[in-house]
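**Student:** Supplied in structure tokens, the structure appears directly below.
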Amino acid sequence: MADERTFVIVGASLAGAKAAETLRAEGFAGKVILIGEETDRPYERPPLSKGHLLGKEGAREKAFVHPPQWYAEHDVDLRLATRVTHLDPAAHTVTLDGVDELHYDKLLLTTGSRVRTLDIPGATLTGVRYLRTVDESDALLSHLRAASNVVVIGAGWIGLETAAAARHHGANVTVVEVAALPLQRVLGDEVAAVYADLHRAHGVEFRFGASAAEFRGTDGRLTSVVLADGTELPADVAIVGVGIRPNTELAVDGGLAVDDGILVDAGLRTSDPDIYAAGDVVNLDHPGLGHRIRVEHWANALNGGKSAGRALLGEEVVFDRVPYFYSDQYDLGMEYSGFAEPGGYDRVVFRGDPSVADGKAPEFIAFWVKDGRVLAGMNANVWDVTDDIQSLVRAGWAGTTVDLQRLADPEVPLGELLT
């Protein structure tokens, strides 16, 4: 008997594409409709601030989740340049572009997030750039190739990766940050200092405790960034990286529970039994951490989309992945596993020397520890240890402590710390 069900996925993102892929891989024979506002087929975002922004050949094409023909070959109805303007859970319908109603049996929201913008004078000048979409990455790459002076506003991951790309293209770079260190909220003082030293070693200037007050320009083009203290920094390009916010408007319209993201349980179910959500937009009741968390990184979209696909099919899903992200800047590559909120740990334990010596990136592992439990670990230029670090994090979730002297000792294999 033919499967007459229709599963609609709103958000042609990495999470949405992986959910569609999972539905077909698991044998779902009903309709799969994947809807996205952008004109490009689903893609991954990390290359936009990494390989593609460095100008690496082929990096842009590799960002796409599937080749163009995949969607037709797998009978996935991909509708691009289409906006879902209304959600009616009672009627099980979504409205497309304010006109066409589309029925669903199950709905998945993978609507992602959007950049936070600066509402200051000159914000519309040519040369003021944000980075979220593939088109924005294309435009920023073009700008960086011609730029002499670049000001980066915000020393988070996007800010630092774009700063590294700007230095790669030969520009003078100044990073403006309200905090006292880059990535201070995410990494804490000890590891944040490593990134400050790394960027300084590559010629980046920092302005900490500072914020942008105005963009100035001539003939519609940016020429400088004025800080709140009146300092004027020359700039051909200003890259604004001050965070993102979840796209929850459709969920709010449909009456779903929302609080810093769409609230979902460990099975990725929203407050409506026929609606699920995954990716950046989700505020997950994480069973391992024991509290809610919204994760904005690639692995969460990748794995969340797959799990959501299985959940749509009625499988019992428990999404308890260890949060994970990675970053590449100059010659420092890192992977971070776990979650250590500001003030939530009592010490950082280093395995190896984190010092940036003679401009060379260090090799080390850092562990964020609370009462002897490992909350998170970051391996920097040390590879093939992610599984062991995540095992330590999971053990920490369960209350298991480790010997901190052994944790810091490079001679003790990570896999033996729990034995």
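Following the order of the structure tokens, first chain is A, next is B, and so on, with residues numbered from 1 inside each chain and ligands from 1 in the order they appear.
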Tell me which protein, DNA and RNA residues are within 9 Å of Leu118 of chain A, counting only C-alpha atoms, leaving out same-chain ones fewer than 2 positions away, and put them as a list in words.
**Tutor:**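 Neighbouring residues, sequence-local ones excluded: Arg116, Ile120, Ala123, Ala212, Val240 and Val242 of chain A.
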**Student:** What's around Glu26 of chain A at 9 Å? Count only C-alpha atoms, leave out sequence neighbours fewer than 5 positions away in its own chain, and write the answer as a ChimeraX atom specification.
**Tutor:** /A:21,309-310,313
**Student:** What does the file look like for those residues with N, CA and C atoms, as a PDB file, in the first residue's frame?
**Tutor:**
ATOM      1  N   GLU A  21      17.667  13.261   3.882  1.00  0.00           N
ATOM      2  CA  GLU A  21      18.500  12.122   3.513  1.00  0.00           C
ATOM      3  C   GLU A  21      18.191  10.909   4.398  1.00  0.00           C
ATOM      4  N   GLY A 309      15.233  13.133  11.532  1.00  0.00           N
ATOM      5  CA  GLY A 309      14.658  12.291  10.490  1.00  0.00           C
ATOM      6  C   GLY A 309      14.111  10.990  11.069  1.00  0.00           C
ATOM      7  N   ARG A 310      14.872  10.384  11.974  1.00  0.00           N
ATOM      8  CA  ARG A 310      14.405   9.143  12.596  1.00  0.00           C
ATOM      9  C   ARG A 310      13.211   9.396  13.511  1.00  0.00           C
ATOM     10  N   LEU A 313       9.940   9.488  11.822  1.00  0.00           N
ATOM     11  CA  LEU A 313       9.457   8.147  11.469  1.00  0.00           C
ATOM     12  C   LEU A 313       8.903   7.386  12.663  1.00  0.00           C
TER      13      LEU A 313
END
**Student:** Under the rule of at most 9 Å, produce a per-residue listing of segment 227-314 of chain A near segment 82-92 of chain A: chain, number, name, the closest pair of atoms, and the distance in Å, as JSON lines, using only C-alpha atoms.
**Tutor:**
{"residue": "A:Leu250", "atom": "CA", "partner": "A:Leu87", "partner_atom": "CA", "distance": 6.4}
{"residue": "A:Ala251", "atom": "CA", "partner": "A:Leu87", "partner_atom": "CA", "distance": 7.5}
{"residue": "A:Val252", "atom": "CA", "partner": "A:Leu87", "partner_atom": "CA", "distance": 9.0}
{"residue": "A:Asp253", "atom": "CA", "partner": "A:Leu87", "partner_atom": "CA", "distance": 6.3}
{"residue": "A:Gly254", "atom": "CA", "partner": "A:Leu87", "partner_atom": "CA", "distance": 4.9}
{"residue": "A:Gly255", "atom": "CA", "partner": "A:Pro89", "partner_atom": "CA", "distance": 8.2}
{"residue": "A:Leu256", "atom": "CA", "partner": "A:Pro89", "partner_atom": "CA", "distance": 8.9}
{"residue": "A:Asp272", "atom": "CA", "partner": "A:Pro89", "partner_atom": "CA", "distance": 7.5}
{"residue": "A:Asp274", "atom": "CA", "partner": "A:Pro89", "partner_atom": "CA", "distance": 8.2}
{"residue": "A:Ile275", "atom": "CA", "partner": "A:Pro89", "partner_atom": "CA", "distance": 8.2}
**Student:** The selected residues should be written to file as an mmCIF file, in the first residue's frame (atoms: C-alpha atoms).
**Tutor:**
data_model
loop_
_atom_site.group_PDB
_atom_site.id
_atom_site.type_symbol
_atom_site.label_atom_id
_atom_site.label_comp_id
_atom_site.auth_asym_id
_atom_site.auth_seq_id
_atom_site.Cartn_x
_atom_site.Cartn_y
_atom_site.Cartn_z
ATOM 1 C CA LEU A 250 7.426 30.723 12.549
ATOM 2 C CA ALA A 251 7.345 28.721 15.775
ATOM 3 C CA VAL A 252 5.970 31.734 17.635
ATOM 4 C CA ASP A 253 3.364 32.193 14.897
ATOM 5 C CA GLY A 254 2.293 28.588 15.387
ATOM 6 C CA GLY A 255 2.026 28.899 19.158
ATOM 7 C CA LEU A 256 4.936 26.569 19.934
ATOM 8 C CA ASP A 272 3.176 20.050 19.401
ATOM 9 C CA ASP A 274 3.531 16.399 15.182
ATOM 10 C CA ILE A 275 6.210 19.080 14.988
#
**Student:** Give me the residues within 8 Å of Lys370 of chain A as an mmCIF file with all heavy atoms, in the first residue's frame, counting only C-alpha atoms and dropping any in the same chain fewer than 5 places off.
**Tutor:**
data_model
loop_
_atom_site.group_PDB
_atom_site.id
_atom_site.type_symbol
_atom_site.label_atom_id
_atom_site.label_comp_id
_atom_site.auth_asym_id
_atom_site.auth_seq_id
_atom_site.Cartn_x
_atom_site.Cartn_y
_atom_site.Cartn_z
ATOM 1 N N GLY A 344 31.279 28.096 35.678
ATOM 2 C CA GLY A 344 30.803 26.748 35.974
ATOM 3 C C GLY A 344 31.901 25.738 36.206
ATOM 4 O O GLY A 344 31.616 24.553 36.417
ATOM 5 N N TYR A 345 33.161 26.163 36.167
ATOM 6 C CA TYR A 345 34.282 25.243 36.402
ATOM 7 C C TYR A 345 35.228 25.883 37.403
ATOM 8 O O TYR A 345 35.211 27.108 37.617
ATOM 9 C CB TYR A 345 35.003 24.927 35.093
ATOM 10 C CG TYR A 345 35.518 26.129 34.344
ATOM 11 C CD1 TYR A 345 36.817 26.592 34.517
ATOM 12 C CD2 TYR A 345 34.693 26.818 33.448
ATOM 13 C CE1 TYR A 345 37.281 27.699 33.833
ATOM 14 C CE2 TYR A 345 35.147 27.941 32.767
ATOM 15 C CZ TYR A 345 36.440 28.374 32.966
ATOM 16 O OH TYR A 345 36.897 29.480 32.301
ATOM 17 N N ASP A 346 36.059 25.070 38.038
ATOM 18 C CA ASP A 346 36.950 25.625 39.056
ATOM 19 C C ASP A 346 38.405 25.675 38.628
ATOM 20 O O ASP A 346 39.222 26.318 39.299
ATOM 21 C CB ASP A 346 36.820 24.875 40.392
ATOM 22 C CG ASP A 346 36.933 23.372 40.267
ATOM 23 O OD1 ASP A 346 37.783 22.891 39.491
ATOM 24 O OD2 ASP A 346 36.168 22.671 40.957
ATOM 25 N N ARG A 347 38.753 25.003 37.530
ATOM 26 C CA ARG A 347 40.124 25.115 37.042
ATOM 27 C C ARG A 347 40.225 24.598 35.617
ATOM 28 O O ARG A 347 39.357 23.867 35.141
ATOM 29 C CB ARG A 347 41.102 24.347 37.940
ATOM 30 C CG ARG A 347 40.915 22.843 37.954
ATOM 31 C CD ARG A 347 41.866 22.176 38.936
ATOM 32 N NE ARG A 347 43.265 22.401 38.568
ATOM 33 C CZ ARG A 347 44.291 21.925 39.266
ATOM 34 N NH1 ARG A 347 44.079 21.232 40.378
ATOM 35 N NH2 ARG A 347 45.515 22.133 38.870
ATOM 36 N N LEU A 375 34.394 18.654 32.384
ATOM 37 C CA LEU A 375 33.211 19.220 31.736
ATOM 38 C C LEU A 375 33.408 19.398 30.233
ATOM 39 O O LEU A 375 32.453 19.295 29.462
ATOM 40 C CB LEU A 375 32.866 20.580 32.354
ATOM 41 C CG LEU A 375 32.664 20.639 33.865
ATOM 42 C CD1 LEU A 375 32.339 22.069 34.281
ATOM 43 C CD2 LEU A 375 31.570 19.683 34.304
#
**Student:** Residues near segment 303-306 of chain A, anyone? I mean within 8 Å using only C-alpha atoms, not counting same-chain ones fewer than 4 positions away, as a PyMOL selection string.
**Tutor:** chain A and resi 14-19+21-22+278-279+299+310+319
**Student:** Taking the DSSP assignment computed from this structure's backbone, write out as a list in words all residues of segment 132-174 of chain A that belong to helix (DSSP H, G or I).
**Tutor:**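 Of segment 132-174 of chain A, only Val134, Asp135, Glu136, Ser137, Asp138, Ala139, Leu140, Leu141, Ser142, His143, Leu144, Arg145, Ala146, Trp157, Ile158, Gly159, Leu160, Glu161, Thr162, Ala163, Ala164, Ala165, Ala166, Arg167 and His168 of chain A fall in helix (DSSP H, G or I).
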**Student:** Closest to Val65 of chain A among A:His169, A:Arg79, A:Arg41, A:His52, using only C-alpha atoms?
**Tutor:**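 Among the listed residues, A:Arg41 lies closest to Val65 of chain A.
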**Student:** Distance atom CA of Thr400 of chain A-atom CA of Leu284 of chain A, one decimal place?
**Tutor:**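 Computing it gives 23.6 Å between the two atoms.
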**Student:** Would you pick out the contacts of Leu417 of chain A at 8 Å or less, using only C-alpha atoms, so that residues sharing its chain but fewer than 6 positions from it are not included, and give the list as a count of residues only?
**Tutor:** 4
**Student:** Just the number, please: distance in Å from atom CA of Val173 of chain A to atom CA of Trp298 of chain A, one decimal.
**Tutor:**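 Those two atoms sit 26.6 Å apart.
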**Student:** Given the choices A:Thr174, A:Gln184, A:Thr401, A:Thr218, which gets closest to Arg200 of chain A if the distance is worked out from only C-alpha atoms?
**Tutor:** A:Thr174
**Student:** If you count only C-alpha atoms, which residues fall within 8 Å of Ile293 of chain A, apart from same-chain ones fewer than 2 positions away, as a list in words?
**Tutor:**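 Those residues are Asn283, Leu284, Asp285, His286, His291 and Val295 of chain A.
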**Student:** Which neighbours of Ile239 of chain A fall inside 9 Å, counting only C-alpha atoms, when residues of the same chain fewer than 4 positions from it are skipped, and could you give them as JSON, numbers by chain?
**Tutor:** {"A": [127, 128, 129, 130, 131, 140, 150, 151, 152, 153, 154, 159, 162, 163]}
**Student:** Considering only C-alpha atoms, state which residue in the set A:Ala228, A:Ala12, A:Asp236, A:Leu96 is at the smallest distance from Ala146 of chain A.
**Tutor:**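 Nearest to Ala146 of chain A: A:Asp236.
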**Student:** From the set A:Ala155, A:Ala63, A:Leu34, A:Leu404, which residue has the shortest atom-to-atom contact distance to Gly243 of chain A, counting only C-alpha atoms?
**Tutor:**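 Under the stated criterion, the closest residue is A:Ala155.
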